[in-house]
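See structure below.
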Amino acid sequence: MSKNNIDAYRRKFLVGTGVAAAAVTVAPGLLLRQAQAKPADEAVTDKVRWGMLIDIDNLPNGGQGVVDACKKEHGWGNETHSNDKQKTHWVRTVKVTEKLTKHSFQLPVMCQHCETAPCADVCPTGASFKRADGIVLVDKHICIGCRYCMMACPYKARSLVHEAIYDQKPDSPRGKGTVESCTMCVHRVDEGKQPACVESSGGAIVFGDLNDENSEISKVLKEKGGKQIRADLGLNTGVRYQGI
Amino acid sequence: MSSNSKVSYSEVKNNGIGFYGLLGIFGLFLLAGVVAFFTMEHNGHHISGMDNQIVWGLPHIFAIFLIVAASGALNIGSIGTVFGKKAYQPLGRLSGLLAISLLVGGLLILLLDLGRIDHVIMMIKGFHLNFKSIFAWNMILYGGFIALVGLYLWAMMDRSKTAKKLYKPIGISAFTWRLILTTGTGSIFGFLVARQFYDAAIMAPLFIVLSFSVGMAIFIMVLMSAYKWTNRELGDFVLNKLRYVLAVFILGVLLLEVTRQLTNIYATEHHGVEAFILKGGNIYSTLFWYGFILIGTVIPVFLIFCKKLKNNRMALYLAAALTTIGGFCLVYVIVIGGQAYPLVLFPNAEVTSVYADGVINSYSPSKWEVMLGLFGVALTLAMVTVGVKALKFMPVSLADSVVDPHS
């Protein structure tokens with residue numbers, strides 16, 4: 001075998017093993033996601049409760065990447081007429097400094113997808129609702145824009161759209177005069193994918209089924225715990241934090 | 001049935017420039033309100049002073065105030081019907097008319113401020129109502145109130161035996177309904193767990209007593225103005241009855257509001273918001289101390305009880321006007337003050353963000369919101385004006401010789 005032939009053989013072998021290794025690594029993920037994807041005509045059930053665990057110590061740049069990824073996915077925050085306090089915010093980073101100890105940290109705050117969501121409780125039309133799988137959403141078709149849900153939300157997670165919206169993302173319909181908030185990327189979740197913020201977090205956010213004790217999120221929560229913002233309200237939020 | 005046989009009612013006969021001039025002024029405000037509605041509907045709420053921090057603004061203050069006053073205005077009729085006080089019975093018709101008018105005025109403001117008023121039609125067609133929401137209950141309570149008070153008016157005004165027979169049961173039903181209605185209005189705030197200044201069961205009784213005082217105050221002003229402008233006689237007997245009842249109601253509001261504030265002050269978690277409202281040196285502390293306490297409580301009570309001012313009509317009118325202003329100030333402090341104080345995400349910590357976390361929110365109403373609010377007031381007054389012209393709501397005379405059983 002000439003030297004050239006040996007090199008060609010080596011290249012072929014390396015490419016082959018590389019492809020095989022990649023297939024072995026990626027395929028289970030793909031297969032798993034395929035398996036989790038829900039057919040469009042299948043109703044969601046309460047057997048699943050989607051949740052997120054955010055490790056703020058490992059979240060790059062205080063969670064700004066999460067905000068950027070959410071904006072990119074859903075297209076919010078591009079209003080041109082609204083002032084800063086009127087613009088929509090599905091997620092924001094909040095810097096917290098304890099008054100006594102001066103201990104400081106930063107975290108992303110969005111809809112906490114409460115089990116007993118105050119927004120859904122107060123909504124007169126039922127436009128604000130919690131899906132059986134725990135994701136809190138707004139049905140824009142019957143939202144009358146009364147903003148009672150915004151008065152009721154302890155996390156300031158909801159925004160009224162103060163002007164007409166153009167160039168919308170197909171998966172995130174939005175409308176002037178209606179209220180909106182984090183959807184936990186329900187369009188992606190229903191396809192078996194992860195929310196955009198989770199993908200952008202470099203592993204600092206774990207997404208999964210809180211009802212499944214074998215899911216990664218449940219295991220980490222069981223082992224290391226996770227705190228809720230305003231746990232005193234007893235809302236049993238779907239979003240939990242480590243490091244706060 | 002209004003049993004005072006000496007009392008007769010008639011439509012207002014005024015046809016002059018004064019009557020149509022008054023309607024014309026109301027018409028201008030109504031037109032301005034319609035312009036405000038279409039402008040906000042077309043542009044979106046970004047042209048308003050409201051935002052995602054202060055989500056309810058001046059239109060809501062006007063609306064809540066008018067709705068609260070509506071149930072209170074009915075009290076004058078209820079005192080006559082439910083509690084059998086004959087002196088109040090001749091006032092029942094006007095009380096009912098004013099109650100419906102105030103409620104319609106307030107409700108329309110709420111409706112016209114909605115982000116998507118067109119979705120209300122879908123909501124009604126699809127019967128999308130969430131019965132866990134006090135808002136949904138209020139929609140039923142408001143509709144029922146208008147229907148019941150309409151029936152109550154019929155029972156007072158119709159001469160049939162059926163109407164006479166149903167007068168008392170309907171009167172009692174309307175009174176009961178109005179108590180539940182104001183409970184519902186107060187509970188809009190009472191059920192808000194998120195906000196430090198709300199989330200208290202006392203909001204419901206506070207709103208009930210507030211409805212007594214502002215409803216009575218507005219009724220007194222409407223009654224005195226109507227009798228003055230139509231040259232009808234209005235004696236001291238009726239006015240003095242209303243005068244002292246008004247004082248009791250004003251003091252009732254003070255009692256409940258002081259209790260509410262003291263309860264809040266006792267709880268450490270509310271210290272921040274209480275300091276902000278009561279001694280913040282801001283518009284809310286000014287409106288509370290000068291608007292509600294001084295102008296809306298102390299001065300009216302003085303005007304009512306000062307012996308030198310007994311039977312002084314100007315003093316009574318002024319007391320009623322100041323009570324109304326004071327009640328409005330209190331609603332302003334509750335609605336805007338409660339939102340201006342930031343949400344507490346982390347107790348005992350300072351929070352900052354690009355989205356106004358941890359900061360006191362400011363609010364300046366736009367002209368559109370002012371126009372929308374005044375639209376509701378104008379609609380109320382226009383309905384009363386047209387009502388007394390079209391039907392027999394006002395007794396021809398309320399002179400002492402007619403209504404005082406001892407005269």
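Starting from 1 in every chain, residues are counted up; chains themselves are A, B, ... following the order of the structure tokens, and ligands are numbered from 1 as listed.
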Exercise. Residues at most 9 Å from Ala73 of chain B, counting only C-alpha atoms, excluding those fewer than 3 positions away in the same chain, as an NGL selection string?
Worked result: :B and (68-70 or 76-77 or 95-100 or 102 or 211-219)
For this session: Please return, as a PyMOL selection string, all residues of chain A lying within 9 Å of chain B when only C-alpha atoms are considered.
Result: chain A and resi 81-89+92-100+102+118+120-127+141-148+150-156+158-164+176-179+229-230+233
For this session: Please identify all polymer residues within 8 Å of Gly75 of chain A, counting only C-alpha atoms, omitting same-chain residues fewer than 4 positions from it, and present them as a PyMOL selection string.
Result: chain A and resi 70-71+168-169+172
Selection file, N, CA, C and O atoms, as a CSV table (one decimal), in the first residue's frame:
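Result written to result_27.csv:
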```csv
chain,number,residue,atom,x,y,z
A,70,CYS,N,-35.1,35.5,23.6
A,70,CYS,CA,-36.5,35.6,23.6
A,70,CYS,C,-37.0,36.6,22.6
A,70,CYS,O,-38.0,36.4,21.9
A,71,LYS,N,-36.3,37.8,22.6
A,71,LYS,CA,-36.7,38.8,21.6
A,71,LYS,C,-36.6,38.3,20.2
A,71,LYS,O,-37.5,38.5,19.4
A,168,GLN,N,-44.6,40.4,12.3
A,168,GLN,CA,-44.7,39.5,13.4
A,168,GLN,C,-44.1,38.1,13.1
A,168,GLN,O,-44.0,37.7,11.9
A,169,LYS,N,-43.7,37.4,14.1
A,169,LYS,CA,-43.2,36.1,13.9
A,169,LYS,C,-44.4,35.1,13.8
A,169,LYS,O,-45.3,35.3,14.6
A,172,SER,N,-45.6,33.5,17.0
A,172,SER,CA,-45.9,34.4,18.1
A,172,SER,C,-46.9,35.5,17.7
A,172,SER,O,-46.5,36.7,17.6
```
For this session: Tell me, as a list in words, which residues lie within 9 Å of Lys130 of chain A, counting only C-alpha atoms; anything in the same chain fewer than 4 positions away does not count.
Result: His113, Cys114, Glu115, Thr116, Ala117, Ala120, Gly134, Ile135, Val136, Leu137 and Val138 of chain A
Exercise. Neighbours of Gly33 of chain B within 12 Å (only C-alpha atoms; same-chain residues fewer than 5 positions away dropped), as JSON, numbers by chain?
Worked result: {"B": [26, 27, 28, 38, 39, 40, 59, 105, 108, 109, 112, 113, 367, 368, 369, 370, 371, 372, 373, 374, 375, 376, 377, 378, 379]}
Could you save those same residues with N, CA, C and O atoms as a compact mmCIF listing (two decimals), in the first residue's frame?
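The result, written out as again.txt:
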```txt
# COMPACT_ATOMS: atom_id res chain seq x y z
N PHE B 26 -73.31 69.28 27.78
CA PHE B 26 -73.08 67.83 27.96
C PHE B 26 -72.71 67.19 26.62
O PHE B 26 -71.84 66.33 26.54
N GLY B 27 -73.41 67.64 25.58
CA GLY B 27 -73.16 67.10 24.24
C GLY B 27 -71.72 67.31 23.80
O GLY B 27 -71.10 66.43 23.19
N LEU B 28 -71.17 68.48 24.12
CA LEU B 28 -69.78 68.76 23.74
C LEU B 28 -68.83 67.78 24.43
O LEU B 28 -67.89 67.26 23.81
N PHE B 38 -62.18 57.00 19.74
CA PHE B 38 -61.74 56.58 18.41
C PHE B 38 -60.24 56.83 18.21
O PHE B 38 -59.56 56.06 17.53
N THR B 39 -59.74 57.90 18.80
CA THR B 39 -58.31 58.19 18.67
C THR B 39 -57.48 57.12 19.36
O THR B 39 -56.48 56.63 18.80
N MET B 40 -57.90 56.74 20.57
CA MET B 40 -57.14 55.70 21.30
C MET B 40 -57.30 54.35 20.63
O MET B 40 -56.37 53.55 20.57
N PRO B 59 -59.20 57.08 33.42
CA PRO B 59 -60.52 56.54 33.05
C PRO B 59 -61.06 55.57 34.10
O PRO B 59 -62.25 55.58 34.40
N GLY B 105 -72.82 55.66 32.97
CA GLY B 105 -71.68 56.56 32.71
C GLY B 105 -70.36 55.89 33.05
O GLY B 105 -69.42 55.89 32.25
N LEU B 108 -69.58 52.78 30.71
CA LEU B 108 -69.16 53.11 29.34
C LEU B 108 -67.70 53.57 29.29
O LEU B 108 -66.98 53.30 28.34
N ILE B 109 -67.27 54.26 30.34
CA ILE B 109 -65.85 54.65 30.38
C ILE B 109 -64.98 53.40 30.37
O ILE B 109 -64.01 53.29 29.61
N LEU B 112 -65.00 51.82 26.94
CA LEU B 112 -64.30 52.57 25.89
C LEU B 112 -62.79 52.60 26.11
O LEU B 112 -62.03 52.92 25.21
N ASP B 113 -62.37 52.26 27.31
CA ASP B 113 -60.93 52.24 27.57
C ASP B 113 -60.30 50.88 27.25
O ASP B 113 -59.08 50.74 27.22
N LYS B 367 -54.65 63.99 27.60
CA LYS B 367 -55.94 64.68 27.40
C LYS B 367 -57.03 63.68 26.99
O LYS B 367 -58.20 63.86 27.30
N TRP B 368 -56.62 62.59 26.34
CA TRP B 368 -57.61 61.59 25.90
C TRP B 368 -58.27 60.93 27.10
O TRP B 368 -59.47 60.64 27.09
N GLU B 369 -57.47 60.67 28.12
CA GLU B 369 -58.03 60.04 29.32
C GLU B 369 -58.97 60.99 30.06
O GLU B 369 -60.00 60.58 30.58
N VAL B 370 -58.56 62.28 30.10
CA VAL B 370 -59.42 63.28 30.75
C VAL B 370 -60.76 63.35 30.00
O VAL B 370 -61.84 63.36 30.60
N MET B 371 -60.67 63.36 28.67
CA MET B 371 -61.89 63.45 27.85
C MET B 371 -62.79 62.24 28.06
O MET B 371 -64.01 62.35 28.13
N LEU B 372 -62.17 61.08 28.17
CA LEU B 372 -62.94 59.85 28.37
C LEU B 372 -63.64 59.86 29.73
O LEU B 372 -64.80 59.46 29.87
N GLY B 373 -62.92 60.32 30.75
CA GLY B 373 -63.49 60.40 32.10
C GLY B 373 -64.66 61.37 32.15
O GLY B 373 -65.73 61.05 32.69
N LEU B 374 -64.47 62.55 31.56
CA LEU B 374 -65.53 63.56 31.58
C LEU B 374 -66.72 63.12 30.72
O LEU B 374 -67.86 63.53 30.97
N PHE B 375 -66.44 62.30 29.73
CA PHE B 375 -67.52 61.72 28.92
C PHE B 375 -68.52 60.98 29.81
O PHE B 375 -69.74 61.15 29.68
N GLY B 376 -68.00 60.20 30.74
CA GLY B 376 -68.87 59.43 31.63
C GLY B 376 -69.70 60.33 32.52
O GLY B 376 -70.90 60.08 32.73
N VAL B 377 -69.06 61.39 33.03
CA VAL B 377 -69.79 62.33 33.89
C VAL B 377 -70.88 63.02 33.08
O VAL B 377 -72.03 63.13 33.51
N ALA B 378 -70.52 63.46 31.86
CA ALA B 378 -71.48 64.16 31.01
C ALA B 378 -72.64 63.24 30.63
O ALA B 378 -73.80 63.67 30.61
N LEU B 379 -72.32 61.98 30.37
CA LEU B 379 -73.37 61.03 30.00
C LEU B 379 -74.35 60.85 31.15
O LEU B 379 -75.57 60.85 30.96
```
So which residues touch segment 107-109 of chain A within 9 Å, counting only C-alpha atoms, skipping near sequence neighbours fewer than 2 positions away, as an mmCIF file with N, CA and C atoms, in the first residue's frame?
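Result file follows (around_12.cif):
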```cif
data_model
loop_
_atom_site.group_PDB
_atom_site.id
_atom_site.type_symbol
_atom_site.label_atom_id
_atom_site.label_comp_id
_atom_site.auth_asym_id
_atom_site.auth_seq_id
_atom_site.Cartn_x
_atom_site.Cartn_y
_atom_site.Cartn_z
ATOM 1 N N ILE A 54 -33.495 27.691 36.642
ATOM 2 C CA ILE A 54 -32.493 28.646 36.162
ATOM 3 C C ILE A 54 -31.374 28.764 37.198
ATOM 4 N N ASP A 55 -30.193 28.376 36.802
ATOM 5 C CA ASP A 55 -29.030 28.491 37.687
ATOM 6 C C ASP A 55 -28.355 29.826 37.386
ATOM 7 N N ILE A 56 -28.648 30.827 38.216
ATOM 8 C CA ILE A 56 -28.188 32.177 37.855
ATOM 9 C C ILE A 56 -26.673 32.334 37.986
ATOM 10 N N LEU A 59 -25.371 31.445 34.567
ATOM 11 C CA LEU A 59 -26.017 32.100 33.423
ATOM 12 C C LEU A 59 -25.114 33.234 32.939
ATOM 13 N N GLY A 62 -25.478 37.664 33.297
ATOM 14 C CA GLY A 62 -26.655 37.960 34.125
ATOM 15 C C GLY A 62 -27.970 37.629 33.468
ATOM 16 N N GLY A 63 -27.936 36.854 32.412
ATOM 17 C CA GLY A 63 -29.185 36.449 31.760
ATOM 18 C C GLY A 63 -29.575 37.320 30.573
ATOM 19 N N GLN A 64 -28.692 38.228 30.187
ATOM 20 C CA GLN A 64 -29.020 39.096 29.054
ATOM 21 C C GLN A 64 -29.209 38.282 27.768
ATOM 22 N N VAL A 66 -30.548 35.444 27.533
ATOM 23 C CA VAL A 66 -31.897 34.895 27.590
ATOM 24 C C VAL A 66 -32.887 35.914 27.014
ATOM 25 N N VAL A 67 -32.698 37.171 27.434
ATOM 26 C CA VAL A 67 -33.574 38.248 26.951
ATOM 27 C C VAL A 67 -33.439 38.381 25.433
ATOM 28 N N TRP A 90 -41.234 40.561 27.686
ATOM 29 C CA TRP A 90 -41.608 39.195 28.060
ATOM 30 C C TRP A 90 -40.656 38.649 29.117
ATOM 31 N N VAL A 91 -39.453 39.154 29.084
ATOM 32 C CA VAL A 91 -38.464 38.756 30.102
ATOM 33 C C VAL A 91 -37.501 39.922 30.278
ATOM 34 N N ARG A 92 -37.037 40.105 31.498
ATOM 35 C CA ARG A 92 -36.090 41.187 31.779
ATOM 36 C C ARG A 92 -35.102 40.692 32.813
ATOM 37 N N THR A 93 -33.929 41.309 32.863
ATOM 38 C CA THR A 93 -33.005 40.939 33.936
ATOM 39 C C THR A 93 -33.188 41.936 35.078
ATOM 40 N N VAL A 94 -33.202 41.403 36.285
ATOM 41 C CA VAL A 94 -33.379 42.236 37.469
ATOM 42 C C VAL A 94 -32.176 42.056 38.376
ATOM 43 N N LYS A 95 -31.588 43.189 38.786
ATOM 44 C CA LYS A 95 -30.460 43.121 39.723
ATOM 45 C C LYS A 95 -31.000 43.296 41.138
ATOM 46 N N VAL A 96 -30.622 42.386 42.007
ATOM 47 C CA VAL A 96 -31.138 42.385 43.381
ATOM 48 C C VAL A 96 -29.971 42.589 44.345
ATOM 49 N N PHE A 105 -27.117 39.883 43.239
ATOM 50 C CA PHE A 105 -27.177 38.917 42.142
ATOM 51 C C PHE A 105 -28.140 39.434 41.074
ATOM 52 N N CYS A 111 -42.719 35.361 33.038
ATOM 53 C CA CYS A 111 -43.892 34.668 33.577
ATOM 54 C C CYS A 111 -43.399 33.430 34.319
ATOM 55 N N GLN A 112 -43.876 33.258 35.543
ATOM 56 C CA GLN A 112 -43.388 32.154 36.361
ATOM 57 C C GLN A 112 -44.257 30.899 36.206
ATOM 58 N N TYR A 155 -45.313 39.433 39.400
ATOM 59 C CA TYR A 155 -43.973 39.456 38.818
ATOM 60 C C TYR A 155 -43.809 40.506 37.715
ATOM 61 N N LYS A 156 -44.858 41.287 37.463
ATOM 62 C CA LYS A 156 -44.857 42.261 36.362
ATOM 63 C C LYS A 156 -44.405 41.578 35.073
ATOM 64 N N ALA A 157 -44.920 40.376 34.863
ATOM 65 C CA ALA A 157 -44.467 39.574 33.726
ATOM 66 C C ALA A 157 -45.275 39.855 32.471
ATOM 67 N N TYR A 241 -35.422 28.839 40.630
ATOM 68 C CA TYR A 241 -34.086 29.425 40.510
ATOM 69 C C TYR A 241 -33.106 28.765 41.469
ATOM 70 N N ILE A 244 -30.445 32.243 44.131
ATOM 71 C CA ILE A 244 -31.089 33.474 44.606
ATOM 72 C C ILE A 244 -31.333 33.381 46.112
#
```
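Note that the spacing between atom CA of Ser104 of chain A and atom CA of Tyr341 of chain B amounts to 22.2 Å.
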Exercise. What lies within 10 Å of Tyr332 of chain B using only C-alpha atoms, ignoring chain neighbours under 2 positions off, as a ChimeraX atom specification?
Worked result: /B:57-58,60-62,64-65,283-284,287-288,292,326-330,334-338
For this session: List every residue of segment 23-139 of chain B that DSSP, applied to the backbone of this structure, assigns to helix (DSSP H, G or I), and report them as a PyMOL selection string.
Result: chain B and resi 23-43+45-47+58-73+75-81+86-113+118-125+134-139
Exercise. What does the distance from atom CA of Met224 of chain B to atom CA of Val403 of chain B come to in Å, to one decimal?
Worked result: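 Separation of atom CA of Met224 of chain B and atom CA of Val403 of chain B: 15.8 Å.
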Problem set entry | For Ile304 of chain B, the nearest of the candidates B:Leu254, B:Ile265, B:Ile79, B:Val248, counting only C-alpha atoms |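 Checking each of B:Leu254, B:Ile265, B:Ile79, B:Val248 against Ile304 of chain B, counting only C-alpha atoms, the winner is B:Val248.
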Seminar exercise, completed: Closest of B:Ser78, B:Ile208, B:Leu107, B:Phe29 to Ile170 of chain B, counting only C-alpha atoms, is B:Ser78
Problem set entry | Nearest-residue call for Met383 of chain B, choices B:Leu179, B:Leu153, B:Leu23, B:Val7, using only C-alpha atoms |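 For Met383 of chain B, the nearest of the given residues is B:Leu23.
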For this session: Step one, run DSSP on the backbone; step two, keep only residues of segment 138-207 of chain A assigned to strand (DSSP E or B); then write them as a list of chain:residue names.
Result: A:Val138, A:Ser159, A:Leu160, A:Val179, A:Glu180, A:Ile205, A:Val206, A:Phe207
Could you save the residues just selected, with C-alpha atoms, as a PDB file, in the first residue's frame?
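Wrote part21.pdb, looks like this:
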```pdb
ATOM      1  CA  VAL A 138     -53.176  34.431  26.659  1.00  0.00           C
ATOM      2  CA  SER A 159     -47.385  43.664  28.966  1.00  0.00           C
ATOM      3  CA  LEU A 160     -50.152  45.387  27.065  1.00  0.00           C
ATOM      4  CA  VAL A 179     -51.910  41.433  26.804  1.00  0.00           C
ATOM      5  CA  GLU A 180     -48.965  39.110  26.288  1.00  0.00           C
ATOM      6  CA  ILE A 205     -31.387  26.596  32.340  1.00  0.00           C
ATOM      7  CA  VAL A 206     -32.847  23.141  32.543  1.00  0.00           C
ATOM      8  CA  PHE A 207     -36.239  22.609  30.971  1.00  0.00           C
TER       9      PHE A 207
END
```
